[in-house]
Amino acid sequence: MNFTLHIWRQKNAAAKGKFETYKVHDISPDCSFLEMLDILNEQLIHDKIAHPVCFDNDCREGICGMCGLYINGRPHGNDDGVTTCQLHMRKFRDGDEIWIEPWRAKAFPVICDLVVDRSAFDKIIQAGGYISVTTGGVPDANCIPIPKDVADRAMDAAECIGCGACVAACKNASAMLFVGAKVAHLSLLPQGQPEARQRVKKMVMKMDELGFGSCTNILACEAECPKQIKRQNIARLNRQFIASLFDGNRRDDD
Amino acid sequence: MAHERIVRIHSISKKLLVGLFASFLVVFLFFHMSANLLILLHDDGAAYTAFCHFMGTNPLVKVAEVALFGSFFIHIVLASYLWLCNRRKRPVGYHKRSRTRTAAASKLAMITGSLLLICLVFHFYDFYLVKMNVVEGLYMVKLEELNNSDINEDAIWTADEEGEYKEFTETGLRWFEITSKTNSDVWLNNLTKEDTEILQQVYRNINTEPDFYHMAHEKFTKWHIVLCYLLFFALVGIHIRHGFESLFQTFGLNNRRYAPVIKWCGIIYTWIICLGFSTVTLGVFFGL
């Protein structure tokens with residue numbers, strides 16, 4: 001398969017970027033999108049045309065959340081429920097023009113080409129996405145009964161890999177689905193419940209501070225999430241946030 | 001700084017406020033639509049006129065009216081503020097237009113909201129500003145009030161040289177014409193501004209009220225106005241289609257079990273509002 005690639009090139013955070021056009025030939029339909037970019041980079045190095053294209057990647061199994069490209073108007077490209085590394089070239093037509101852009105958000109500044117700084121997510125987690133209770137030794141497997149349904153919902157929320165597609169897809173660059181998923185997987189389980197109200201407030205405050213937008217319920221985040229995190233996690237976040245406003249037991253949260 | 005702590009509002013709180021005031025508007029729409037359906041009763045507008053009189057004179061309604069306008073104002077201002085704030089969250093946009101599949105009603109909420117604001121200005125011009133005495137419309141006055149009021153005979157009769165009243169003046173003739181045309185035993189209605197001025201010359205201290213029943217009939221017999229109002233109702237529908245579900249989501253009332261129920265309630269509510277308003281408009285147009 002042959003493709004024409006329009007790739008955003010930007011030397012560094014301060015530089016002004018622009019699209020460059022490259023052509024790649026004889027790409028296997030079973031090639032992943034990142035492998036296709038590897039082939040392009042080999043070609044660029046070999047032909048000494050330009051510096052290789054920078055893009056984030058790590059596990060290439062769809063579980064680490066490192067890769068994330070805005071491909072032809074969609075985060076992670078034109079396949080549902082997959083990350084960029086799991087997107088295969090068979091999803092495109094031979095001869096297609098492909099526009100590749102980095103995530104665009106005030107909170108995710110571009111570092112180089114297609115790489116963005118997603119440490120804002122880490123800062124949100126640092127603000128409250130943890131359990132600080134002393135858990136002691138490993139408890140007996142069944143000493144804390146958790147209904148299967150609750151455990152499933154917590155696990156579904158914990159699937160979030162923090163790739164940032166929700167922010168990239170959202171018209172407002174909101175991180176509500178990410179924060180909702182993190183708040184949900186911690187607060188659904190007994191260990192995370194004692195700090196639930198302080199956690200939600202701290203994480204929301206940090207999210208606002210870092211320059212993410214507010215949710216206007218367009219739900220593009222849900223549509224583009226590679227882990228198919230559901231909108232109900234945002235509703236739960238809202239619910240817990242409202243509860244936190246009426247929490248009389250304020251500690252170090254404000 | 002203390003003032004910063006007070007002024008700083010969380011993004012979720014802003015959205016909650018937008019939703020809170022919108023919920024009042026959503027409920028109001030059902031009330032407005034139900035009241036409008038009274039126009040279609042075959043009673044020459046008796047029920048609707050009585051309702052309008054109640055709404056125009058009851059002090060509690062005045063309070064509710066202030067709350068309603070306050071809700072409109074805060075909803076519009078906060079939603080616009082949120083929109084402006086959110087625009088700044090992506091300083092550099094994407095080159096390729098988004099191809100994410102989302103509900104158009106939600107994506108276009110700001111556009112439908114802005115168009116609704118323009119429609120509301122025209123709607124107010126048609127009806128509400130008549131009540132505020134800014135625009136001329138049609139009026140009505142209670143017959144009981146006329147009967148209990150003194151007649152200013154100078155305005156009706158022409159006095160001769162000896163001071164005796166002999167014949168109608170022009171005002172008196174118009175007055176006679178106006179007072180004899182009523183087909184209601186409660187209201188003298190369908191009066192123009194000029195009619196009310198003549199009545200006020202003849203009767204002292206009478207209160208006229210807007211005649212919304214005849215105003216609706218006057219407006220909704222013109223096809224282009226009917227068409228504009230149908231588009232207005234469609235916009236209302238699209239906006240509520242987003243707003244109804246969004247309310248439950250914002251207040252955290254959406255979960256896996258309720259989601260389909262909320263969705264269908266939203267669809268049904270939207271259709272009830274749209275069809276209810278459209279039925280009144282089309283009913284008047286086709287003389288049902």
# chains A, B, ... in the order shown; residues from 1 in each chain; ligands from 1
>>> interface_residues(of="chain A", to="chain B", cutoff="9 Å", atoms="only C-alpha atoms", output="count of residues only")
50
>>> residues_around(residues="B:Asp43", least_positions_apart="4", cutoff="12 Å", atoms="only C-alpha atoms", output="list in words")
Leu38, Ile39, Ala47, Tyr48, Thr49, Ala50, Asn183, Ser184 and Tyr213 of chain B
>>> residues_around(residues="B:Lys219", least_positions_apart="5", cutoff="12 Å", atoms="only C-alpha atoms", output="JSON list (two decimals) with C-alpha atoms, in the first residue's frame")
[["chain", "number", "residue", "atom", "x", "y", "z"],
["B", 123, "HIS", "CA", -40.78, 36.22, 20.31],
["B", 125, "TYR", "CA", -41.21, 41.57, 20.32],
["B", 126, "ASP", "CA", -44.32, 39.69, 19.24],
["B", 127, "PHE", "CA", -45.80, 39.13, 22.68],
["B", 137, "GLY", "CA", -50.44, 44.89, 20.16],
["B", 138, "LEU", "CA", -54.01, 43.94, 20.97],
["B", 212, "PHE", "CA", -52.60, 37.34, 23.85],
["B", 213, "TYR", "CA", -55.38, 35.12, 22.45],
["B", 214, "HIS", "CA", -56.19, 37.49, 19.60],
["B", 224, "HIS", "CA", -44.25, 33.18, 7.13],
["B", 225, "ILE", "CA", -44.62, 33.79, 10.88],
["B", 226, "VAL", "CA", -45.86, 30.21, 11.34],
["B", 227, "LEU", "CA", -42.82, 28.92, 9.44],
["B", 228, "CYS", "CA", -40.44, 31.01, 11.57],
["B", 229, "TYR", "CA", -42.07, 29.73, 14.75],
["B", 280, "VAL", "CA", -50.93, 25.36, 18.80],
["B", 281, "THR", "CA", -49.28, 27.32, 15.99],
["B", 282, "LEU", "CA", -50.56, 25.03, 13.24],
["B", 284, "VAL", "CA", -54.46, 28.45, 14.82],
["B", 285, "PHE", "CA", -53.14, 28.61, 11.24]]
>>> select_by_dssp(residues="stretch 8-144 of chain A", states="strand (DSSP E or B)", output="short mmCIF file (atom, residue, chain, number, x, y, z; two decimals) with N, CA and C atoms, in the first residue's frame")
data_model
loop_
_atom_site.label_atom_id
_atom_site.label_comp_id
_atom_site.auth_asym_id
_atom_site.auth_seq_id
_atom_site.Cartn_x
_atom_site.Cartn_y
_atom_site.Cartn_z
N TRP A 8 2.91 16.83 11.15
CA TRP A 8 3.27 18.07 11.84
C TRP A 8 4.71 17.97 12.31
N ARG A 9 5.55 18.90 11.84
CA ARG A 9 6.95 18.92 12.25
C ARG A 9 7.20 20.20 13.06
N LYS A 18 5.07 23.22 11.28
CA LYS A 18 4.31 23.23 10.02
C LYS A 18 4.17 21.78 9.52
N PHE A 19 3.28 21.60 8.58
CA PHE A 19 3.10 20.26 8.03
C PHE A 19 4.13 20.00 6.93
N GLU A 20 4.69 18.80 6.96
CA GLU A 20 5.58 18.37 5.88
C GLU A 20 4.93 17.15 5.23
N THR A 21 5.14 17.02 3.94
CA THR A 21 4.52 15.90 3.22
C THR A 21 5.58 14.87 2.83
N TYR A 22 5.29 13.61 3.12
CA TYR A 22 6.19 12.50 2.79
C TYR A 22 5.37 11.40 2.11
N LYS A 23 6.05 10.63 1.29
CA LYS A 23 5.37 9.51 0.65
C LYS A 23 5.99 8.22 1.13
N VAL A 24 5.16 7.23 1.46
CA VAL A 24 5.69 5.91 1.82
C VAL A 24 5.10 4.89 0.86
N SER A 32 1.42 -2.04 11.57
CA SER A 32 0.71 -1.12 12.47
C SER A 32 1.08 0.31 12.06
N TYR A 70 -3.16 12.25 16.47
CA TYR A 70 -4.46 12.70 15.93
C TYR A 70 -4.41 12.46 14.42
N ILE A 71 -5.09 11.41 14.01
CA ILE A 71 -4.94 10.94 12.62
C ILE A 71 -6.23 11.18 11.84
N ARG A 74 -9.21 12.22 13.95
CA ARG A 74 -9.64 11.40 15.09
C ARG A 74 -8.43 10.99 15.94
N PRO A 75 -8.56 11.10 17.27
CA PRO A 75 -7.46 10.60 18.11
C PRO A 75 -7.33 9.08 17.94
N HIS A 88 -4.09 -0.55 12.38
CA HIS A 88 -3.35 -1.17 11.28
C HIS A 88 -3.65 -0.49 9.96
N GLU A 97 -4.46 9.87 1.64
CA GLU A 97 -3.65 10.94 2.25
C GLU A 97 -3.94 10.91 3.73
N ILE A 98 -2.90 10.91 4.56
CA ILE A 98 -3.10 10.81 6.01
C ILE A 98 -2.50 12.04 6.69
N TRP A 99 -3.33 12.72 7.45
CA TRP A 99 -2.88 13.90 8.19
C TRP A 99 -2.59 13.47 9.62
N ILE A 100 -1.37 13.69 10.08
CA ILE A 100 -0.97 13.27 11.42
C ILE A 100 -0.60 14.49 12.25
N GLU A 101 -1.33 14.68 13.35
CA GLU A 101 -1.10 15.86 14.20
C GLU A 101 -0.88 15.41 15.64
N ALA A 105 -3.82 20.74 23.01
CA ALA A 105 -4.46 21.23 24.23
C ALA A 105 -3.47 22.13 24.95
N PHE A 108 -1.38 20.20 27.21
CA PHE A 108 -0.46 19.24 26.57
C PHE A 108 0.42 19.97 25.55
N VAL A 110 3.24 20.89 22.90
CA VAL A 110 4.04 20.07 21.98
C VAL A 110 5.51 20.22 22.37
N ILE A 111 6.21 19.07 22.49
CA ILE A 111 7.64 19.08 22.81
C ILE A 111 8.46 19.04 21.52
N CYS A 112 8.06 18.12 20.64
CA CYS A 112 8.78 17.97 19.38
C CYS A 112 7.89 17.18 18.42
N VAL A 115 5.20 14.66 19.59
CA VAL A 115 5.31 14.33 21.02
C VAL A 115 4.78 15.50 21.85
N VAL A 116 3.88 15.19 22.77
CA VAL A 116 3.37 16.24 23.66
C VAL A 116 3.71 15.90 25.11
#
>>> residues_around(residues="A:Pro194", least_positions_apart="3", cutoff="12 Å", atoms="only C-alpha atoms", output="JSON list (two decimals) with N, CA and C atoms, in the first residue's frame")
[["chain", "number", "residue", "atom", "x", "y", "z"],
["A", 130, "TYR", "N", -4.53, 8.58, 44.61],
["A", 130, "TYR", "CA", -3.81, 7.52, 45.33],
["A", 130, "TYR", "C", -4.59, 7.19, 46.61],
["A", 131, "ILE", "N", -4.14, 6.14, 47.28],
["A", 131, "ILE", "CA", -4.72, 5.79, 48.57],
["A", 131, "ILE", "C", -3.61, 5.92, 49.60],
["A", 132, "SER", "N", -3.81, 6.78, 50.60],
["A", 132, "SER", "CA", -2.71, 7.00, 51.54],
["A", 132, "SER", "C", -2.90, 6.26, 52.86],
["A", 133, "VAL", "N", -3.95, 5.44, 52.95],
["A", 133, "VAL", "CA", -4.13, 4.69, 54.20],
["A", 133, "VAL", "C", -3.07, 3.59, 54.29],
["A", 134, "THR", "N", -2.67, 3.31, 55.49],
["A", 134, "THR", "CA", -1.70, 2.25, 55.68],
["A", 134, "THR", "C", -2.44, 0.92, 55.58],
["A", 186, "LEU", "N", -10.84, 4.22, 42.15],
["A", 186, "LEU", "CA", -10.39, 4.28, 43.55],
["A", 186, "LEU", "C", -11.56, 4.30, 44.52],
["A", 187, "SER", "N", -12.60, 5.05, 44.16],
["A", 187, "SER", "CA", -13.69, 5.22, 45.13],
["A", 187, "SER", "C", -14.68, 4.06, 45.14],
["A", 188, "LEU", "N", -14.67, 3.24, 44.08],
["A", 188, "LEU", "CA", -15.61, 2.12, 44.08],
["A", 188, "LEU", "C", -15.17, 1.01, 45.04],
["A", 189, "LEU", "N", -13.89, 0.95, 45.30],
["A", 189, "LEU", "CA", -13.39, -0.12, 46.17],
["A", 189, "LEU", "C", -13.22, 0.39, 47.60],
["A", 190, "PRO", "N", -13.39, -0.49, 48.58],
["A", 190, "PRO", "CA", -13.40, -0.06, 49.99],
["A", 190, "PRO", "C", -12.13, 0.68, 50.41],
["A", 191, "GLN", "N", -10.99, 0.29, 49.87],
["A", 191, "GLN", "CA", -9.74, 0.92, 50.30],
["A", 191, "GLN", "C", -9.67, 2.40, 49.92],
["A", 197, "ARG", "N", -13.89, 11.91, 49.08],
["A", 197, "ARG", "CA", -14.35, 13.30, 48.92],
["A", 197, "ARG", "C", -13.20, 14.29, 48.79],
["A", 198, "GLN", "N", -12.15, 14.08, 49.58],
["A", 198, "GLN", "CA", -11.00, 14.98, 49.44],
["A", 198, "GLN", "C", -10.33, 14.75, 48.08],
["A", 199, "ARG", "N", -10.31, 13.48, 47.68],
["A", 199, "ARG", "CA", -9.62, 13.13, 46.43],
["A", 199, "ARG", "C", -10.26, 13.86, 45.25],
["A", 200, "VAL", "N", -11.58, 13.78, 45.18],
["A", 200, "VAL", "CA", -12.26, 14.34, 44.01],
["A", 200, "VAL", "C", -12.03, 15.85, 43.93],
["A", 249, "ASN", "N", -16.68, 17.48, 56.90],
["A", 249, "ASN", "CA", -15.41, 17.03, 57.47],
["A", 249, "ASN", "C", -14.23, 17.44, 56.59]]
>>> residues_around(residues="stretch 48-57 of chain A", least_positions_apart="5", cutoff="9 Å", atoms="only C-alpha atoms", output="PyMOL selection string")
chain A and resi 7-9+34+37-38+40-43+64-69+85+102+112-116
>>> residues_around(residues="stretch 112-117 of chain B", least_positions_apart="6", cutoff="10 Å", atoms="only C-alpha atoms", output="VMD selection string")
chain B and resid 72 76 79 to 80 105 to 106 123 231 to 240
>>> write_last_selection(atoms="N, CA and C atoms", output="CSV table (one decimal), in the first residue's frame")
chain,number,residue,atom,x,y,z
B,72,PHE,N,-32.8,32.7,32.8
B,72,PHE,CA,-32.4,32.9,31.4
B,72,PHE,C,-31.1,33.7,31.4
B,76,ILE,N,-27.5,32.0,30.1
B,76,ILE,CA,-26.9,32.5,28.9
B,76,ILE,C,-25.5,33.1,29.2
B,79,ALA,N,-23.1,30.2,30.3
B,79,ALA,CA,-22.8,29.3,29.2
B,79,ALA,C,-21.9,29.9,28.3
B,80,SER,N,-22.1,31.2,28.0
B,80,SER,CA,-21.2,32.0,27.1
B,80,SER,C,-19.8,32.1,27.7
B,105,ALA,N,-26.7,17.4,18.5
B,105,ALA,CA,-27.3,18.4,19.4
B,105,ALA,C,-26.4,18.9,20.4
B,106,SER,N,-25.5,18.0,20.9
B,106,SER,CA,-24.5,18.4,21.9
B,106,SER,C,-23.4,19.3,21.3
B,123,HIS,N,-39.6,36.7,19.6
B,123,HIS,CA,-40.8,36.2,20.3
B,123,HIS,C,-41.2,37.3,21.3
B,231,LEU,N,-39.6,26.7,12.9
B,231,LEU,CA,-38.1,26.6,13.0
B,231,LEU,C,-37.6,26.9,14.4
B,232,PHE,N,-38.2,27.8,15.1
B,232,PHE,CA,-37.9,28.2,16.5
B,232,PHE,C,-38.1,27.0,17.4
B,233,PHE,N,-39.3,26.3,17.2
B,233,PHE,CA,-39.6,25.1,18.0
B,233,PHE,C,-38.6,24.0,17.7
B,234,ALA,N,-38.2,23.9,16.4
B,234,ALA,CA,-37.2,22.8,16.1
B,234,ALA,C,-35.9,23.1,16.8
B,235,LEU,N,-35.5,24.4,16.9
B,235,LEU,CA,-34.3,24.8,17.6
B,235,LEU,C,-34.4,24.5,19.1
B,236,VAL,N,-35.6,24.8,19.6
B,236,VAL,CA,-35.8,24.5,21.0
B,236,VAL,C,-35.7,23.0,21.3
B,237,GLY,N,-36.2,22.2,20.4
B,237,GLY,CA,-36.1,20.7,20.5
B,237,GLY,C,-34.7,20.3,20.5
B,238,ILE,N,-33.9,20.8,19.5
B,238,ILE,CA,-32.5,20.3,19.4
B,238,ILE,C,-31.7,20.7,20.7
B,239,HIS,N,-32.0,21.9,21.2
B,239,HIS,CA,-31.3,22.4,22.4
B,239,HIS,C,-31.7,21.5,23.6
B,240,ILE,N,-33.0,21.2,23.7
B,240,ILE,CA,-33.4,20.4,24.9
B,240,ILE,C,-32.9,19.0,24.8
>>> select_by_dssp(residues="stretch 43-216 of chain A", states="alpha helix (DSSP H)", output="PyMOL selection string")
chain A and resi 43-47+119-128+148-158+165-169+176-187+196-209
>>> atom_distance(atom1="atom CA of A:Ala120", atom2="atom CA of A:Ile63")
19.3 Å
>>> atom_distance(atom1="atom CA of B:Trp175", atom2="atom CA of B:Met215")
21.4 Å
>>> residues_around(residues="stretch 155-161 of chain A", least_positions_apart="5", cutoff="9 Å", atoms="only C-alpha atoms", output="list in words")
Gly62, Ile63, Cys64, Gly65, Met66, Val150, Phe178, Gly180, Ala181, Lys182, Val183, Ala184, His185, Leu186, Cys225, Pro226, Lys227, Gln228, Ile229, Lys230 and Asn233 of chain A
>>> write_last_selection(atoms="C-alpha atoms", output="compact mmCIF listing (two decimals), in the first residue's frame")
# COMPACT_ATOMS: atom_id res chain seq x y z
CA GLY A 62 -2.22 -0.92 23.51
CA ILE A 63 -1.76 -0.97 27.28
CA CYS A 64 0.82 1.67 28.21
CA GLY A 65 -0.91 4.78 26.89
CA MET A 66 2.25 6.33 25.48
CA VAL A 150 -18.65 -3.31 41.86
CA PHE A 178 -9.61 10.68 32.68
CA GLY A 180 -13.66 10.43 36.28
CA ALA A 181 -12.06 7.06 35.54
CA LYS A 182 -9.33 7.56 38.15
CA VAL A 183 -11.79 8.77 40.78
CA ALA A 184 -14.14 5.88 39.97
CA HIS A 185 -11.66 3.02 40.20
CA LEU A 186 -10.39 4.28 43.55
CA CYS A 225 -11.45 6.42 24.31
CA PRO A 226 -9.35 3.42 23.24
CA LYS A 227 -10.35 1.67 26.46
CA GLN A 228 -14.01 2.61 26.02
CA ILE A 229 -14.35 4.27 29.41
CA LYS A 230 -18.01 5.21 29.82
CA ASN A 233 -17.63 7.82 35.19
>>> atom_distance(atom1="atom CA of B:Ser278", atom2="atom CA of B:Leu230")
6.2 Å
>>> decode(residues="stretch 60-166 of chain A", atoms="C-alpha atoms", output="PDB file, in the first residue's frame")
ATOM      1  CA  ARG A  60       3.044  -1.214  21.279  1.00  0.00           C
ATOM      2  CA  GLU A  61       0.420  -3.533  22.790  1.00  0.00           C
ATOM      3  CA  GLY A  62      -2.223  -0.918  23.515  1.00  0.00           C
ATOM      4  CA  ILE A  63      -1.759  -0.975  27.283  1.00  0.00           C
ATOM      5  CA  CYS A  64       0.819   1.665  28.210  1.00  0.00           C
ATOM      6  CA  GLY A  65      -0.911   4.779  26.890  1.00  0.00           C
ATOM      7  CA  MET A  66       2.253   6.333  25.483  1.00  0.00           C
ATOM      8  CA  CYS A  67       1.307   6.501  21.835  1.00  0.00           C
ATOM      9  CA  GLY A  68      -1.281   8.988  20.769  1.00  0.00           C
ATOM     10  CA  LEU A  69      -1.631  10.700  17.420  1.00  0.00           C
ATOM     11  CA  TYR A  70      -4.458  12.701  15.928  1.00  0.00           C
ATOM     12  CA  ILE A  71      -4.944  10.938  12.623  1.00  0.00           C
ATOM     13  CA  ASN A  72      -7.286  12.278   9.955  1.00  0.00           C
ATOM     14  CA  GLY A  73      -9.438  14.146  12.484  1.00  0.00           C
ATOM     15  CA  ARG A  74      -9.640  11.399  15.090  1.00  0.00           C
ATOM     16  CA  PRO A  75      -7.461  10.596  18.115  1.00  0.00           C
ATOM     17  CA  HIS A  76      -5.855   7.193  17.521  1.00  0.00           C
ATOM     18  CA  GLY A  77      -7.231   7.139  13.979  1.00  0.00           C
ATOM     19  CA  ASN A  78     -10.201   5.641  12.275  1.00  0.00           C
ATOM     20  CA  ASP A  79     -10.666   2.475  14.313  1.00  0.00           C
ATOM     21  CA  ASP A  80     -12.759   2.197  17.473  1.00  0.00           C
ATOM     22  CA  GLY A  81     -11.405   1.074  20.837  1.00  0.00           C
ATOM     23  CA  VAL A  82      -7.740   0.893  19.863  1.00  0.00           C
ATOM     24  CA  THR A  83      -4.639   2.964  20.493  1.00  0.00           C
ATOM     25  CA  THR A  84      -2.458   4.256  17.658  1.00  0.00           C
ATOM     26  CA  CYS A  85      -0.089   1.314  18.003  1.00  0.00           C
ATOM     27  CA  GLN A  86      -2.973  -1.093  17.482  1.00  0.00           C
ATOM     28  CA  LEU A  87      -4.259   0.741  14.427  1.00  0.00           C
ATOM     29  CA  HIS A  88      -3.350  -1.171  11.284  1.00  0.00           C
ATOM     30  CA  MET A  89      -2.799   0.132   7.810  1.00  0.00           C
ATOM     31  CA  ARG A  90      -5.540  -2.146   6.472  1.00  0.00           C
ATOM     32  CA  LYS A  91      -7.950   0.359   7.998  1.00  0.00           C
ATOM     33  CA  PHE A  92      -6.858   2.809   5.278  1.00  0.00           C
ATOM     34  CA  ARG A  93      -7.277   2.624   1.538  1.00  0.00           C
ATOM     35  CA  ASP A  94      -4.346   2.350  -0.794  1.00  0.00           C
ATOM     36  CA  GLY A  95      -3.263   5.815  -1.903  1.00  0.00           C
ATOM     37  CA  ASP A  96      -4.891   7.598   1.050  1.00  0.00           C
ATOM     38  CA  GLU A  97      -3.655  10.945   2.245  1.00  0.00           C
ATOM     39  CA  ILE A  98      -3.103  10.811   6.014  1.00  0.00           C
ATOM     40  CA  TRP A  99      -2.878  13.899   8.194  1.00  0.00           C
ATOM     41  CA  ILE A 100      -0.974  13.268  11.422  1.00  0.00           C
ATOM     42  CA  GLU A 101      -1.101  15.855  14.200  1.00  0.00           C
ATOM     43  CA  PRO A 102      -0.071  15.902  17.850  1.00  0.00           C
ATOM     44  CA  TRP A 103      -2.672  16.169  20.635  1.00  0.00           C
ATOM     45  CA  ARG A 104      -3.744  19.796  20.785  1.00  0.00           C
ATOM     46  CA  ALA A 105      -4.458  21.232  24.230  1.00  0.00           C
ATOM     47  CA  LYS A 106      -3.146  24.042  26.385  1.00  0.00           C
ATOM     48  CA  ALA A 107      -2.336  21.462  29.071  1.00  0.00           C
ATOM     49  CA  PHE A 108      -0.457  19.244  26.572  1.00  0.00           C
ATOM     50  CA  PRO A 109       2.213  21.469  25.003  1.00  0.00           C
ATOM     51  CA  VAL A 110       4.039  20.071  21.984  1.00  0.00           C
ATOM     52  CA  ILE A 111       7.639  19.084  22.812  1.00  0.00           C
ATOM     53  CA  CYS A 112       8.780  17.966  19.379  1.00  0.00           C
ATOM     54  CA  ASP A 113       6.913  16.966  16.201  1.00  0.00           C
ATOM     55  CA  LEU A 114       4.167  14.620  17.409  1.00  0.00           C
ATOM     56  CA  VAL A 115       5.309  14.332  21.019  1.00  0.00           C
ATOM     57  CA  VAL A 116       3.370  16.241  23.659  1.00  0.00           C
ATOM     58  CA  ASP A 117       4.057  16.762  27.330  1.00  0.00           C
ATOM     59  CA  ARG A 118       1.366  14.813  29.178  1.00  0.00           C
ATOM     60  CA  SER A 119       2.831  15.294  32.633  1.00  0.00           C
ATOM     61  CA  ALA A 120      -0.320  17.258  33.488  1.00  0.00           C
ATOM     62  CA  PHE A 121      -2.011  13.877  33.941  1.00  0.00           C
ATOM     63  CA  ASP A 122       0.732  12.815  36.351  1.00  0.00           C
ATOM     64  CA  LYS A 123       0.191  16.021  38.323  1.00  0.00           C
ATOM     65  CA  ILE A 124      -3.522  15.293  38.606  1.00  0.00           C
ATOM     66  CA  ILE A 125      -2.725  11.823  39.928  1.00  0.00           C
ATOM     67  CA  GLN A 126      -0.181  13.295  42.343  1.00  0.00           C
ATOM     68  CA  ALA A 127      -2.841  15.680  43.605  1.00  0.00           C
ATOM     69  CA  GLY A 128      -5.106  12.911  44.858  1.00  0.00           C
ATOM     70  CA  GLY A 129      -5.189   9.818  42.677  1.00  0.00           C
ATOM     71  CA  TYR A 130      -3.815   7.517  45.335  1.00  0.00           C
ATOM     72  CA  ILE A 131      -4.722   5.786  48.569  1.00  0.00           C
ATOM     73  CA  SER A 132      -2.710   7.004  51.540  1.00  0.00           C
ATOM     74  CA  VAL A 133      -4.133   4.688  54.200  1.00  0.00           C
ATOM     75  CA  THR A 134      -1.702   2.250  55.683  1.00  0.00           C
ATOM     76  CA  THR A 135      -2.805  -1.081  54.367  1.00  0.00           C
ATOM     77  CA  GLY A 136      -0.562  -3.280  56.476  1.00  0.00           C
ATOM     78  CA  GLY A 137       0.258  -6.783  55.378  1.00  0.00           C
ATOM     79  CA  VAL A 138      -1.452  -8.623  52.557  1.00  0.00           C
ATOM     80  CA  PRO A 139      -4.975  -9.452  53.780  1.00  0.00           C
ATOM     81  CA  ASP A 140      -6.703 -12.760  53.291  1.00  0.00           C
ATOM     82  CA  ALA A 141      -8.301 -12.943  49.847  1.00  0.00           C
ATOM     83  CA  ASN A 142     -11.891 -12.849  51.033  1.00  0.00           C
ATOM     84  CA  CYS A 143     -11.667 -10.755  54.170  1.00  0.00           C
ATOM     85  CA  ILE A 144     -13.043  -7.647  52.391  1.00  0.00           C
ATOM     86  CA  PRO A 145     -16.102  -8.801  50.435  1.00  0.00           C
ATOM     87  CA  ILE A 146     -16.609  -6.773  47.255  1.00  0.00           C
ATOM     88  CA  PRO A 147     -19.615  -7.511  45.032  1.00  0.00           C
ATOM     89  CA  LYS A 148     -18.611  -8.764  41.589  1.00  0.00           C
ATOM     90  CA  ASP A 149     -20.542  -5.982  39.885  1.00  0.00           C
ATOM     91  CA  VAL A 150     -18.652  -3.313  41.857  1.00  0.00           C
ATOM     92  CA  ALA A 151     -15.306  -4.967  41.203  1.00  0.00           C
ATOM     93  CA  ASP A 152     -16.142  -5.114  37.487  1.00  0.00           C
ATOM     94  CA  ARG A 153     -17.018  -1.426  37.366  1.00  0.00           C
ATOM     95  CA  ALA A 154     -13.829  -0.515  39.226  1.00  0.00           C
ATOM     96  CA  MET A 155     -11.844  -2.668  36.828  1.00  0.00           C
ATOM     97  CA  ASP A 156     -13.547  -1.104  33.796  1.00  0.00           C
ATOM     98  CA  ALA A 157     -12.597   2.363  35.079  1.00  0.00           C
ATOM     99  CA  ALA A 158      -9.064   1.216  35.925  1.00  0.00           C
ATOM    100  CA  GLU A 159      -8.597   0.275  32.285  1.00  0.00           C
ATOM    101  CA  CYS A 160      -7.849   3.950  31.568  1.00  0.00           C
ATOM    102  CA  ILE A 161      -4.260   4.124  30.332  1.00  0.00           C
ATOM    103  CA  GLY A 162      -4.002   7.913  30.506  1.00  0.00           C
ATOM    104  CA  CYS A 163      -3.235   8.309  26.812  1.00  0.00           C
ATOM    105  CA  GLY A 164      -4.973  11.672  26.639  1.00  0.00           C
ATOM    106  CA  ALA A 165      -7.277  10.836  23.715  1.00  0.00           C
ATOM    107  CA  CYS A 166     -10.204  12.163  25.775  1.00  0.00           C
TER     108      CYS A 166
END
